[in-house]
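Novice: Structure below; questions to follow.
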Amino acid sequence: MTSKYIFCTGGVVSSVGKGVTAAAIGRILKARGVKVAIQKLDPYLNVDPGTMSPYQHGEVFVTADGAETDLDLGHYERFIDENLDHTCNVTTGQIYAEVISKERRGDYLGGTIQVIPHITNEIKRRIGLVGQKTSPDVVIVEVGGTVGDIEGQPFFEALRQLRTDVGRDRTLYVHVTFLPYIGATGELKTKPTQHSVRELRGIGIQPQVIVARTDHPVSRELIDKIALFCDVEPQAVIPLPTTDNIYRVPLMLEDAGLGDFIVEQLNLDAAPPALDEWRALVERMGQPYDPLRIGIIGKYVELRDAYISVKEALLHAAVQVGRKLDVEWINSGDLEKGKSLNALESVSGLVVPGGFGYRGIEGKILAAETARTRRVPYLGLCLGMQVMCIEFARNVLGLQDANSTEFESSCQHPVIDLMPNQHHVVNMGGTMRLGHYPCVLTPGSKAAAAYQVEQIQERHRHRFEFNNRYRDVFESGGACFSGLSPDKRLVEIMEFTDHPFMVGSQFHPEFQTRPNRPHPLFLAFIQAAIDYQRLTEER
Ligand code: GLN
């Protein structure tokens with residue numbers, strides 16, 4: 001292992017932004033010219049989150065090489081601006097599957113297989129795989145959950161062992177905790193942080209940095225107290241108050257001195273931090289720009305994490321053109337019950353993101369119909385494109401029983417159908433059409449105008465596709481297949497010629513957006529939404 005390692009663990013409570021903190025550490029190092037990679041270790045037993053409900057897990061982020069991963073990888077990519085791969089998300093399920101299959105092959109030569117050393121060795125091997133091709137200077141490894149979780153123990157033990165394996169001067173342990181606020185006395189409390197550090201020490205890990213998340217300002221006195229009780233240097237206690245903009249976190253860590261501390265501790269060959277562009281970006285995000293209201297229609301809208309990359313992609317595009325993104329979350333189930341219909345009409349653009357299963361589909365079809373008939377800009381992402389096809393088939397082409405075979409296997413007009421190579425798929429995990437595929441754009445189309453190139457690579461995650469039997473009738477009805485696979489057999493983008501902007505992609509462009517480089521399709525959509533907003537204001 002030639003890289004140096006930063007291990008990020010969490011304490012006190014989960015969901016305080018450990019993933020964003022890890023990503024932000026990546027950004028402040030990259031700003032110093034340090035080459036970084038990031039990995040997430042997830043202690044749950046699923047092999048990957050691909051089969052989990054969004055209620056359990058939020059969005060499934062897809063890497064270019066087709067891994068279905070934790071949504072924190074989306075933060076990592078957006079913050080460090082590097083494409084990650086399947087080595088960057090490891091679960092207990094993967095570790096055990098590997099060890100057990102080795103055992104079945106007889107690789108352990110009669111040995112008793114144990115958590116230490118066999119499971120911990122496999123965890124360490126996986127950590128070693130990150131960045132093998134890119135040789136990063138620093139690999140940041142985040143462990144999901146909090147210290148003390150039973151299922152996390154082998155991971156913490158592996159991290160402890162790595163301190164000796166890799167070398168003390170080449171590893172840095174960062175512990176992210178939370179300081180609760182007692183309203184009655186108006187105080188922030190450090191005791192849970194002390195306990196959590198004690199728990200870490202019990203495993204043999206002494207953190208060198210404590211990032212203390214909090215909803216309130218932290219006094220110097222409190223920082224010194226944490227430093228004393230947790231045995232870290234006062235300059236390495238980094239208070240991280242809640243912010244309304246996650247992209248501010250790298251600046252907060254930088255301004256608190258964390259970048260310099262890490263460089264010194266790991267003896268990194270680093271340039272002065274170049275964060276001006278990032279600072280300017282965060283400033284732009286805080287400008288009182290005119291709002292632009294965009295509707296996102298989904299069945300999990302009450303949990304925002306389910307569509308996090310979509311929201312970020314919209315935000316990046318809106319900021320680029322000087323607008324404040326105002327998302328109207330519209331529940332597709334409500335639309336089916338005749339509720340929230342006015343919400344559909346109150347927005348300047350509609351996005352139907354990816355999804356699975358029939359629940360809420362008719363509501364999404366209604367959204368597509370509203371967009372088409374009222375000429376509201378529409379961006380369909382994967383399922384959103386399929387929904388747009390079904391609506392068009394039913395209401396424009398008169399194919400009343402049009403549907404996807406995902407929702408109605410024996411419908412008369414299966415305009416969306418299972419991909420041929422999916423027919424024999426038995427296992428649900430990891431078997432969709434996944435990851436990067438090339439797509440050739442049709443000259444003169446809105447998609448080609450947005451991308452300004454002839455061929456693109458985008459990330460996929462689906463089993464169903466547009467049914468080629470319907471290509472001619474769609475085309476004669478006014479649909480344009482503006483993106484096709486290079487062999488022309490798969491429809492990757494569809495749009496309506498006679499509409500200001502109604503574009504659907506079979507892929508997920510939201511996985512490739514960056515805060516300072518918004519995705520072209522989202523940018524084109526946001527521009528169309530601005531045009532629509534102007535039109536409606538003039539009316
Ligand atoms: N359920 C659809 C399919 O499998 C769409 C998937 C998605 O939106 N990611 O093709």
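Here's how to read the names in the structure tokens: chain A, B, ... by the order shown, residue numbers from 1 in each chain, ligand numbers from 1 in the order shown.
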Find the residues near ligand 1. Use a cut-off of 8 Å, count only C-alpha atoms and all ligand atoms, and write them as a list in words.

Specialist: Pro353, Gly354, Gly355, Phe356, Gly357, Leu381, Cys382, Leu383, Gly384, Gln386, Glu406, Leu418, Met432, His460, Arg461, His462, Arg463, Phe464, Glu465, Gln506, Phe507 and His508 of chain A

Novice: So that I have them on file, write out the residues from the current selection with N, CA, C and O atoms, as a PDB file, in the first residue's frame.

Specialist:
```pdb
ATOM      1  N   PRO A 353     -38.269  11.263 -12.090  1.00  0.00           N
ATOM      2  CA  PRO A 353     -37.033  10.504 -11.941  1.00  0.00           C
ATOM      3  C   PRO A 353     -37.253   8.998 -12.079  1.00  0.00           C
ATOM      4  O   PRO A 353     -38.362   8.549 -12.340  1.00  0.00           O
ATOM      5  N   GLY A 354     -36.188   8.238 -11.864  1.00  0.00           N
ATOM      6  CA  GLY A 354     -36.237   6.780 -11.976  1.00  0.00           C
ATOM      7  C   GLY A 354     -37.130   6.154 -10.927  1.00  0.00           C
ATOM      8  O   GLY A 354     -37.476   6.781  -9.928  1.00  0.00           O
ATOM      9  N   GLY A 355     -37.520   4.910 -11.172  1.00  0.00           N
ATOM     10  CA  GLY A 355     -38.342   4.202 -10.208  1.00  0.00           C
ATOM     11  C   GLY A 355     -38.671   2.797 -10.678  1.00  0.00           C
ATOM     12  O   GLY A 355     -38.400   2.430 -11.820  1.00  0.00           O
ATOM     13  N   PHE A 356     -39.275   2.055  -9.784  1.00  0.00           N
ATOM     14  CA  PHE A 356     -39.616   0.658 -10.058  1.00  0.00           C
ATOM     15  C   PHE A 356     -41.009   0.361  -9.520  1.00  0.00           C
ATOM     16  O   PHE A 356     -41.408   0.910  -8.491  1.00  0.00           O
ATOM     17  N   GLY A 357     -41.736  -0.509 -10.210  1.00  0.00           N
ATOM     18  CA  GLY A 357     -43.035  -0.966  -9.717  1.00  0.00           C
ATOM     19  C   GLY A 357     -44.176  -0.047 -10.099  1.00  0.00           C
ATOM     20  O   GLY A 357     -43.977   1.128 -10.438  1.00  0.00           O
ATOM     21  N   LEU A 381     -36.270  10.754 -16.462  1.00  0.00           N
ATOM     22  CA  LEU A 381     -35.017  10.047 -16.197  1.00  0.00           C
ATOM     23  C   LEU A 381     -35.308   8.569 -16.029  1.00  0.00           C
ATOM     24  O   LEU A 381     -35.902   8.153 -15.044  1.00  0.00           O
ATOM     25  N   CYS A 382     -34.943   7.782 -17.000  1.00  0.00           N
ATOM     26  CA  CYS A 382     -35.137   6.333 -16.970  1.00  0.00           C
ATOM     27  C   CYS A 382     -36.633   6.009 -16.927  1.00  0.00           C
ATOM     28  O   CYS A 382     -37.306   6.118 -17.946  1.00  0.00           O
ATOM     29  N   LEU A 383     -37.185   5.713 -15.753  1.00  0.00           N
ATOM     30  CA  LEU A 383     -38.622   5.477 -15.692  1.00  0.00           C
ATOM     31  C   LEU A 383     -39.382   6.694 -16.233  1.00  0.00           C
ATOM     32  O   LEU A 383     -40.430   6.551 -16.869  1.00  0.00           O
ATOM     33  N   GLY A 384     -38.857   7.875 -16.005  1.00  0.00           N
ATOM     34  CA  GLY A 384     -39.494   9.102 -16.477  1.00  0.00           C
ATOM     35  C   GLY A 384     -39.603   9.154 -17.994  1.00  0.00           C
ATOM     36  O   GLY A 384     -40.549   9.720 -18.545  1.00  0.00           O
ATOM     37  N   GLN A 386     -39.801   6.317 -19.797  1.00  0.00           N
ATOM     38  CA  GLN A 386     -40.750   5.247 -20.115  1.00  0.00           C
ATOM     39  C   GLN A 386     -42.188   5.732 -19.933  1.00  0.00           C
ATOM     40  O   GLN A 386     -43.077   5.465 -20.757  1.00  0.00           O
ATOM     41  N   GLU A 406     -43.506  -4.117 -17.352  1.00  0.00           N
ATOM     42  CA  GLU A 406     -43.183  -4.129 -15.921  1.00  0.00           C
ATOM     43  C   GLU A 406     -44.465  -3.984 -15.091  1.00  0.00           C
ATOM     44  O   GLU A 406     -44.579  -4.534 -14.000  1.00  0.00           O
ATOM     45  N   LEU A 418     -39.378  -5.672 -21.520  1.00  0.00           N
ATOM     46  CA  LEU A 418     -38.168  -6.206 -20.899  1.00  0.00           C
ATOM     47  C   LEU A 418     -37.077  -6.325 -21.967  1.00  0.00           C
ATOM     48  O   LEU A 418     -37.345  -6.730 -23.098  1.00  0.00           O
ATOM     49  N   MET A 432     -29.237  -5.805 -13.513  1.00  0.00           N
ATOM     50  CA  MET A 432     -29.835  -4.867 -14.472  1.00  0.00           C
ATOM     51  C   MET A 432     -28.790  -4.464 -15.509  1.00  0.00           C
ATOM     52  O   MET A 432     -27.619  -4.841 -15.414  1.00  0.00           O
ATOM     53  N   HIS A 460     -26.416   3.757 -16.667  1.00  0.00           N
ATOM     54  CA  HIS A 460     -27.729   3.116 -16.745  1.00  0.00           C
ATOM     55  C   HIS A 460     -28.025   2.252 -15.524  1.00  0.00           C
ATOM     56  O   HIS A 460     -27.118   1.778 -14.853  1.00  0.00           O
ATOM     57  N   ARG A 461     -29.320   2.034 -15.304  1.00  0.00           N
ATOM     58  CA  ARG A 461     -29.757   1.077 -14.283  1.00  0.00           C
ATOM     59  C   ARG A 461     -31.204   0.698 -14.576  1.00  0.00           C
ATOM     60  O   ARG A 461     -32.137   1.304 -14.052  1.00  0.00           O
ATOM     61  N   HIS A 462     -31.405  -0.247 -15.455  1.00  0.00           N
ATOM     62  CA  HIS A 462     -32.777  -0.619 -15.820  1.00  0.00           C
ATOM     63  C   HIS A 462     -32.831  -2.010 -16.436  1.00  0.00           C
ATOM     64  O   HIS A 462     -31.807  -2.550 -16.848  1.00  0.00           O
ATOM     65  N   ARG A 463     -34.049  -2.565 -16.473  1.00  0.00           N
ATOM     66  CA  ARG A 463     -34.270  -3.860 -17.139  1.00  0.00           C
ATOM     67  C   ARG A 463     -35.140  -3.697 -18.376  1.00  0.00           C
ATOM     68  O   ARG A 463     -35.199  -4.561 -19.229  1.00  0.00           O
ATOM     69  N   PHE A 464     -35.886  -2.597 -18.434  1.00  0.00           N
ATOM     70  CA  PHE A 464     -36.863  -2.405 -19.507  1.00  0.00           C
ATOM     71  C   PHE A 464     -36.346  -1.353 -20.490  1.00  0.00           C
ATOM     72  O   PHE A 464     -35.473  -0.570 -20.151  1.00  0.00           O
ATOM     73  N   GLU A 465     -36.929  -1.355 -21.684  1.00  0.00           N
ATOM     74  CA  GLU A 465     -36.474  -0.415 -22.709  1.00  0.00           C
ATOM     75  C   GLU A 465     -37.624  -0.114 -23.668  1.00  0.00           C
ATOM     76  O   GLU A 465     -38.653  -0.801 -23.659  1.00  0.00           O
ATOM     77  N   GLN A 506     -33.066   7.151 -21.186  1.00  0.00           N
ATOM     78  CA  GLN A 506     -33.132   5.826 -20.572  1.00  0.00           C
ATOM     79  C   GLN A 506     -32.032   5.684 -19.513  1.00  0.00           C
ATOM     80  O   GLN A 506     -32.062   4.795 -18.693  1.00  0.00           O
ATOM     81  N   PHE A 507     -31.094   6.614 -19.523  1.00  0.00           N
ATOM     82  CA  PHE A 507     -29.998   6.587 -18.538  1.00  0.00           C
ATOM     83  C   PHE A 507     -30.255   7.620 -17.439  1.00  0.00           C
ATOM     84  O   PHE A 507     -31.277   8.315 -17.446  1.00  0.00           O
ATOM     85  N   HIS A 508     -29.322   7.683 -16.529  1.00  0.00           N
ATOM     86  CA  HIS A 508     -29.450   8.594 -15.384  1.00  0.00           C
ATOM     87  C   HIS A 508     -28.385   9.691 -15.469  1.00  0.00           C
ATOM     88  O   HIS A 508     -27.300   9.548 -14.882  1.00  0.00           O
TER      89      HIS A 508
END
```

Novice: If we count only C-alpha atoms and set the cut-off at 9 Å, which residues sit around A:Lys30, ignoring sequence neighbours fewer than 4 positions away in its own chain? Please answer as a list of chain:residue names.

Specialist: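 Once the nearby chain positions are removed, what remains is A:Ile25, A:Gly26, A:Val34, A:Lys35, A:Val36, A:Ile80, A:Pro273, A:Ala274.
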
Novice: Pick the closest to A:Tyr307 from A:Ala37, A:Val319, A:Ile238, A:Leu71: which is it, counting only C-alpha atoms?

Specialist: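 Comparing A:Ala37, A:Val319, A:Ile238, A:Leu71 against A:Tyr307, the winner is A:Leu71.
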
Novice: Tell me, which residues of stretch 17-65 of chain A carry DSSP strand (DSSP E or B), written as an mmCIF file with N, CA and C atoms, in the first residue's frame?

Specialist:
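Saved file result08.cif follows:
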```
data_model
loop_
_atom_site.group_PDB
_atom_site.id
_atom_site.type_symbol
_atom_site.label_atom_id
_atom_site.label_comp_id
_atom_site.auth_asym_id
_atom_site.auth_seq_id
_atom_site.Cartn_x
_atom_site.Cartn_y
_atom_site.Cartn_z
ATOM 1 N N VAL A 36 -6.687 12.186 -4.426
ATOM 2 C CA VAL A 36 -7.473 11.444 -3.426
ATOM 3 C C VAL A 36 -8.413 10.414 -4.058
ATOM 4 N N ALA A 37 -8.729 9.410 -3.270
ATOM 5 C CA ALA A 37 -9.796 8.459 -3.617
ATOM 6 C C ALA A 37 -10.597 8.259 -2.341
ATOM 7 N N ILE A 38 -11.853 7.850 -2.473
ATOM 8 C CA ILE A 38 -12.670 7.649 -1.266
ATOM 9 C C ILE A 38 -13.405 6.323 -1.344
ATOM 10 N N GLN A 39 -13.545 5.705 -0.197
ATOM 11 C CA GLN A 39 -14.264 4.436 -0.111
ATOM 12 C C GLN A 39 -15.241 4.469 1.061
ATOM 13 N N LYS A 40 -16.382 3.802 0.858
ATOM 14 C CA LYS A 40 -17.350 3.680 1.961
ATOM 15 C C LYS A 40 -17.447 2.210 2.339
ATOM 16 N N LEU A 41 -17.319 1.940 3.636
ATOM 17 C CA LEU A 41 -17.514 0.578 4.133
ATOM 18 C C LEU A 41 -18.882 0.531 4.799
ATOM 19 N N ASP A 42 -19.761 -0.311 4.289
ATOM 20 C CA ASP A 42 -21.109 -0.391 4.857
ATOM 21 C C ASP A 42 -21.285 -1.709 5.599
ATOM 22 N N PHE A 61 -26.715 4.904 -5.808
ATOM 23 C CA PHE A 61 -25.838 5.632 -6.732
ATOM 24 C C PHE A 61 -25.114 4.619 -7.616
ATOM 25 N N VAL A 62 -25.083 4.899 -8.927
ATOM 26 C CA VAL A 62 -24.467 3.958 -9.866
ATOM 27 C C VAL A 62 -23.139 4.525 -10.359
#
```

Novice: I'd like the neighbourhood of A:Ala343 as a PyMOL selection string, where a residue qualifies if any of its atoms comes within 9 Å (using only C-alpha atoms), though same-chain residues fewer than 5 positions away should be ignored.

Specialist: chain A and resi 295+328-330

Novice: Please provide as a list in words all residues within 8 Å of A:Ser332, with the sequence filter that same-chain residues fewer than 2 positions apart are discarded (counting only C-alpha atoms).

Specialist: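 Surrounding residues, per the criterion: Ile297, Gly298, Lys299, Ile330, Asp334, Leu335, Glu336, Gly360, Ile361, Glu362, Gly363 and Lys364 of chain A.
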
Novice: Dump C-alpha atoms for the selected residues as a CSV table (one decimal), in the first residue's frame?

Specialist:
```csv
chain,number,residue,atom,x,y,z
A,297,ILE,CA,-42.7,13.7,-9.1
A,298,GLY,CA,-42.0,10.5,-7.2
A,299,LYS,CA,-43.5,8.0,-4.8
A,330,ILE,CA,-45.1,16.1,-5.8
A,334,ASP,CA,-51.5,12.0,-4.6
A,335,LEU,CA,-51.9,12.8,-8.3
A,336,GLU,CA,-53.7,9.5,-8.8
A,360,GLY,CA,-47.7,5.8,-8.5
A,361,ILE,CA,-47.2,5.2,-12.2
A,362,GLU,CA,-50.6,6.6,-13.3
A,363,GLY,CA,-49.8,9.8,-11.4
A,364,LYS,CA,-46.5,10.1,-13.2
```

Novice: Need to verify the contact set: A:Phe522, 9 Å, only C-alpha atoms, exclusion of same-chain residues closer than 6 positions in sequence. Can you return it as a ChimeraX atom specification?

Specialist: /A:313-314,316-318,379,450,509-510,513

Novice: As a list in words, which residues of stretch 114-154 of chain A does DSSP assign to helix (DSSP H, G or I)?

Specialist: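 Put together, the selection reads Val115, Ile116, Pro117, His118, Ile119, Thr120, Asn121, Glu122, Ile123, Lys124, Arg125, Arg126, Ile127, Gly128, Leu129, Ile150, Glu151, Gly152, Gln153 and Pro154 of chain A.
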
Novice: Using only C-alpha atoms, which residue out of A:Val174, A:Leu484, A:Ala184, A:Ile123 lies closest to A:Gln161?

Specialist: A:Ile123

Novice: Give me the residues of stretch 61-146 of chain A that have any atom at most 12 Å from an atom of stretch 248-260 of chain A; for each, the nearest atom pair and the distance in Å, rounded to one decimal. Use only C-alpha atoms, sort by chain and number, and format it as JSON lines.

Specialist:
```
{"residue": "A:His75", "atom": "CA", "partner": "A:Val249", "partner_atom": "CA", "distance": 11.7}
{"residue": "A:Tyr76", "atom": "CA", "partner": "A:Pro250", "partner_atom": "CA", "distance": 11.9}
{"residue": "A:Phe79", "atom": "CA", "partner": "A:Pro250", "partner_atom": "CA", "distance": 8.7}
{"residue": "A:Ile80", "atom": "CA", "partner": "A:Pro250", "partner_atom": "CA", "distance": 10.4}
```

Novice: Please determine, counting only C-alpha atoms, which residue among A:Asn421, A:Thr190, A:Gln132, A:Asn403 has the shortest atom-to-atom distance to A:Cys88.

Specialist: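 Checking each candidate against A:Cys88, we get A:Gln132 as the closest.
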
Novice: For A:Thr120, work out the shell of residues within 9 Å, counting only C-alpha atoms and skipping chain neighbours fewer than 6 positions away, then give it as an mmCIF file with all heavy atoms, in the first residue's frame.

Specialist:
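So the final result, stored in part.cif, reads:
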```cif
data_model
loop_
_atom_site.group_PDB
_atom_site.id
_atom_site.type_symbol
_atom_site.label_atom_id
_atom_site.label_comp_id
_atom_site.auth_asym_id
_atom_site.auth_seq_id
_atom_site.Cartn_x
_atom_site.Cartn_y
_atom_site.Cartn_z
ATOM 1 N N ILE A 95 -18.007 -9.065 1.817
ATOM 2 C CA ILE A 95 -16.864 -9.647 2.529
ATOM 3 C C ILE A 95 -17.136 -11.121 2.844
ATOM 4 O O ILE A 95 -16.334 -12.003 2.548
ATOM 5 C CB ILE A 95 -16.618 -8.869 3.858
ATOM 6 C CG1 ILE A 95 -16.292 -7.397 3.577
ATOM 7 C CG2 ILE A 95 -15.550 -9.529 4.702
ATOM 8 C CD1 ILE A 95 -14.974 -7.139 2.922
ATOM 9 N N GLN A 114 -12.382 -17.559 10.824
ATOM 10 C CA GLN A 114 -12.805 -16.710 11.936
ATOM 11 C C GLN A 114 -12.881 -15.238 11.520
ATOM 12 O O GLN A 114 -12.291 -14.851 10.511
ATOM 13 C CB GLN A 114 -11.796 -16.869 13.074
ATOM 14 C CG GLN A 114 -11.852 -18.277 13.667
ATOM 15 C CD GLN A 114 -10.822 -18.473 14.746
ATOM 16 O OE1 GLN A 114 -9.630 -18.254 14.517
ATOM 17 N NE2 GLN A 114 -11.274 -18.883 15.910
ATOM 18 N N PRO A 154 -16.002 -5.764 13.032
ATOM 19 C CA PRO A 154 -14.858 -6.241 12.219
ATOM 20 C C PRO A 154 -14.216 -5.123 11.409
ATOM 21 O O PRO A 154 -13.006 -5.127 11.186
ATOM 22 C CB PRO A 154 -15.501 -7.279 11.280
ATOM 23 C CG PRO A 154 -16.765 -7.681 11.955
ATOM 24 C CD PRO A 154 -17.238 -6.484 12.715
ATOM 25 N N PHE A 155 -15.024 -4.157 10.979
ATOM 26 C CA PHE A 155 -14.466 -3.046 10.191
ATOM 27 C C PHE A 155 -13.552 -2.185 11.065
ATOM 28 O O PHE A 155 -12.456 -1.807 10.665
ATOM 29 C CB PHE A 155 -15.601 -2.199 9.592
ATOM 30 C CG PHE A 155 -16.342 -2.924 8.501
ATOM 31 C CD1 PHE A 155 -17.500 -3.641 8.784
ATOM 32 C CD2 PHE A 155 -15.872 -2.904 7.198
ATOM 33 C CE1 PHE A 155 -18.177 -4.325 7.780
ATOM 34 C CE2 PHE A 155 -16.544 -3.583 6.185
ATOM 35 C CZ PHE A 155 -17.699 -4.297 6.482
ATOM 36 N N GLU A 157 -12.014 -3.125 13.738
ATOM 37 C CA GLU A 157 -10.824 -3.923 14.045
ATOM 38 C C GLU A 157 -9.843 -3.875 12.864
ATOM 39 O O GLU A 157 -8.634 -3.726 13.050
ATOM 40 C CB GLU A 157 -11.252 -5.369 14.374
ATOM 41 C CG GLU A 157 -10.136 -6.393 14.435
ATOM 42 C CD GLU A 157 -9.038 -6.119 15.473
ATOM 43 O OE1 GLU A 157 -9.238 -5.281 16.373
ATOM 44 O OE2 GLU A 157 -7.955 -6.754 15.356
ATOM 45 N N ALA A 158 -10.376 -3.970 11.646
ATOM 46 C CA ALA A 158 -9.502 -3.911 10.460
ATOM 47 C C ALA A 158 -8.797 -2.553 10.392
ATOM 48 O O ALA A 158 -7.599 -2.477 10.111
ATOM 49 C CB ALA A 158 -10.310 -4.158 9.199
ATOM 50 N N LEU A 159 -9.535 -1.489 10.695
ATOM 51 C CA LEU A 159 -8.915 -0.154 10.666
ATOM 52 C C LEU A 159 -7.813 -0.049 11.725
ATOM 53 O O LEU A 159 -6.762 0.548 11.497
ATOM 54 C CB LEU A 159 -9.963 0.941 10.916
ATOM 55 C CG LEU A 159 -11.113 1.096 9.920
ATOM 56 C CD1 LEU A 159 -11.818 2.426 10.152
ATOM 57 C CD2 LEU A 159 -10.644 1.019 8.480
ATOM 58 N N GLN A 161 -5.983 -2.499 12.842
ATOM 59 C CA GLN A 161 -4.813 -3.254 12.375
ATOM 60 C C GLN A 161 -4.030 -2.479 11.311
ATOM 61 O O GLN A 161 -2.807 -2.575 11.233
ATOM 62 C CB GLN A 161 -5.260 -4.595 11.778
ATOM 63 C CG GLN A 161 -5.857 -5.553 12.794
ATOM 64 C CD GLN A 161 -6.390 -6.829 12.132
ATOM 65 O OE1 GLN A 161 -6.084 -7.120 10.986
ATOM 66 N NE2 GLN A 161 -7.194 -7.577 12.863
#
```

Novice: Give the answer as one residue: which of A:Val176, A:Ala368, A:Ala529, A:Cys411 has the shortest atom-to-atom distance to A:Thr21, using only C-alpha atoms?

Specialist: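 The answer is A:Val176, which sits nearest to A:Thr21.
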
Novice: When you count only C-alpha atoms, which of these residues is closest to A:Asn395: A:Ala447, A:Val143, A:Leu188, A:Leu366?

Specialist: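 Of all the options, A:Leu366 lies closest to A:Asn395.
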
Novice: Could you give me, as a ChimeraX atom specification, the residues within 12 Å of A:Phe392, counting only C-alpha atoms and dropping anything in the same chain fewer than 3 positions from it?

Specialist: /A:365-373,385-389,395-403,415-416,470,473-475,477-479,494-496,502

Novice: Can you check which parts of stretch 229-345 of chain A lie within 10 Å of stretch 44-57 of chain A? Per residue, the shortest pair of atoms and distance in Å to one decimal, counting only C-alpha atoms, sorted by chain and number, as JSON lines.

Specialist:
```
{"residue": "A:Lys299", "atom": "CA", "partner": "A:Pro54", "partner_atom": "CA", "distance": 9.9}
{"residue": "A:Tyr300", "atom": "CA", "partner": "A:Pro54", "partner_atom": "CA", "distance": 7.4}
{"residue": "A:Glu302", "atom": "CA", "partner": "A:Tyr55", "partner_atom": "CA", "distance": 9.7}
{"residue": "A:Leu303", "atom": "CA", "partner": "A:Tyr55", "partner_atom": "CA", "distance": 7.4}
{"residue": "A:Arg304", "atom": "CA", "partner": "A:Pro54", "partner_atom": "CA", "distance": 9.9}
{"residue": "A:Asp305", "atom": "CA", "partner": "A:Pro54", "partner_atom": "CA", "distance": 8.2}
{"residue": "A:Ala306", "atom": "CA", "partner": "A:Pro54", "partner_atom": "CA", "distance": 5.7}
{"residue": "A:Tyr307", "atom": "CA", "partner": "A:Pro54", "partner_atom": "CA", "distance": 9.3}
```

Novice: With N, CA and C atoms retained, write the just-selected residues as an mmCIF file, in the first residue's frame.

Specialist:
```cif
data_model
loop_
_atom_site.group_PDB
_atom_site.id
_atom_site.type_symbol
_atom_site.label_atom_id
_atom_site.label_comp_id
_atom_site.auth_asym_id
_atom_site.auth_seq_id
_atom_site.Cartn_x
_atom_site.Cartn_y
_atom_site.Cartn_z
ATOM 1 N N LYS A 299 -42.684 8.643 -5.883
ATOM 2 C CA LYS A 299 -43.493 8.039 -4.817
ATOM 3 C C LYS A 299 -42.783 8.071 -3.474
ATOM 4 N N TYR A 300 -41.516 8.520 -3.464
ATOM 5 C CA TYR A 300 -40.789 8.590 -2.189
ATOM 6 C C TYR A 300 -40.435 10.034 -1.850
ATOM 7 N N GLU A 302 -41.372 12.054 0.231
ATOM 8 C CA GLU A 302 -41.241 12.464 1.634
ATOM 9 C C GLU A 302 -39.831 12.151 2.156
ATOM 10 N N LEU A 303 -39.113 11.230 1.486
ATOM 11 C CA LEU A 303 -37.705 11.065 1.871
ATOM 12 C C LEU A 303 -36.832 11.600 0.751
ATOM 13 N N ARG A 304 -36.307 12.768 0.973
ATOM 14 C CA ARG A 304 -35.573 13.493 -0.073
ATOM 15 C C ARG A 304 -34.345 12.727 -0.560
ATOM 16 N N ASP A 305 -33.781 11.890 0.351
ATOM 17 C CA ASP A 305 -32.570 11.156 -0.022
ATOM 18 C C ASP A 305 -32.795 10.219 -1.199
ATOM 19 N N ALA A 306 -34.058 9.889 -1.480
ATOM 20 C CA ALA A 306 -34.335 8.949 -2.566
ATOM 21 C C ALA A 306 -34.006 9.555 -3.927
ATOM 22 N N TYR A 307 -33.993 10.884 -4.018
ATOM 23 C CA TYR A 307 -33.748 11.550 -5.307
ATOM 24 C C TYR A 307 -32.603 12.557 -5.174
#
```
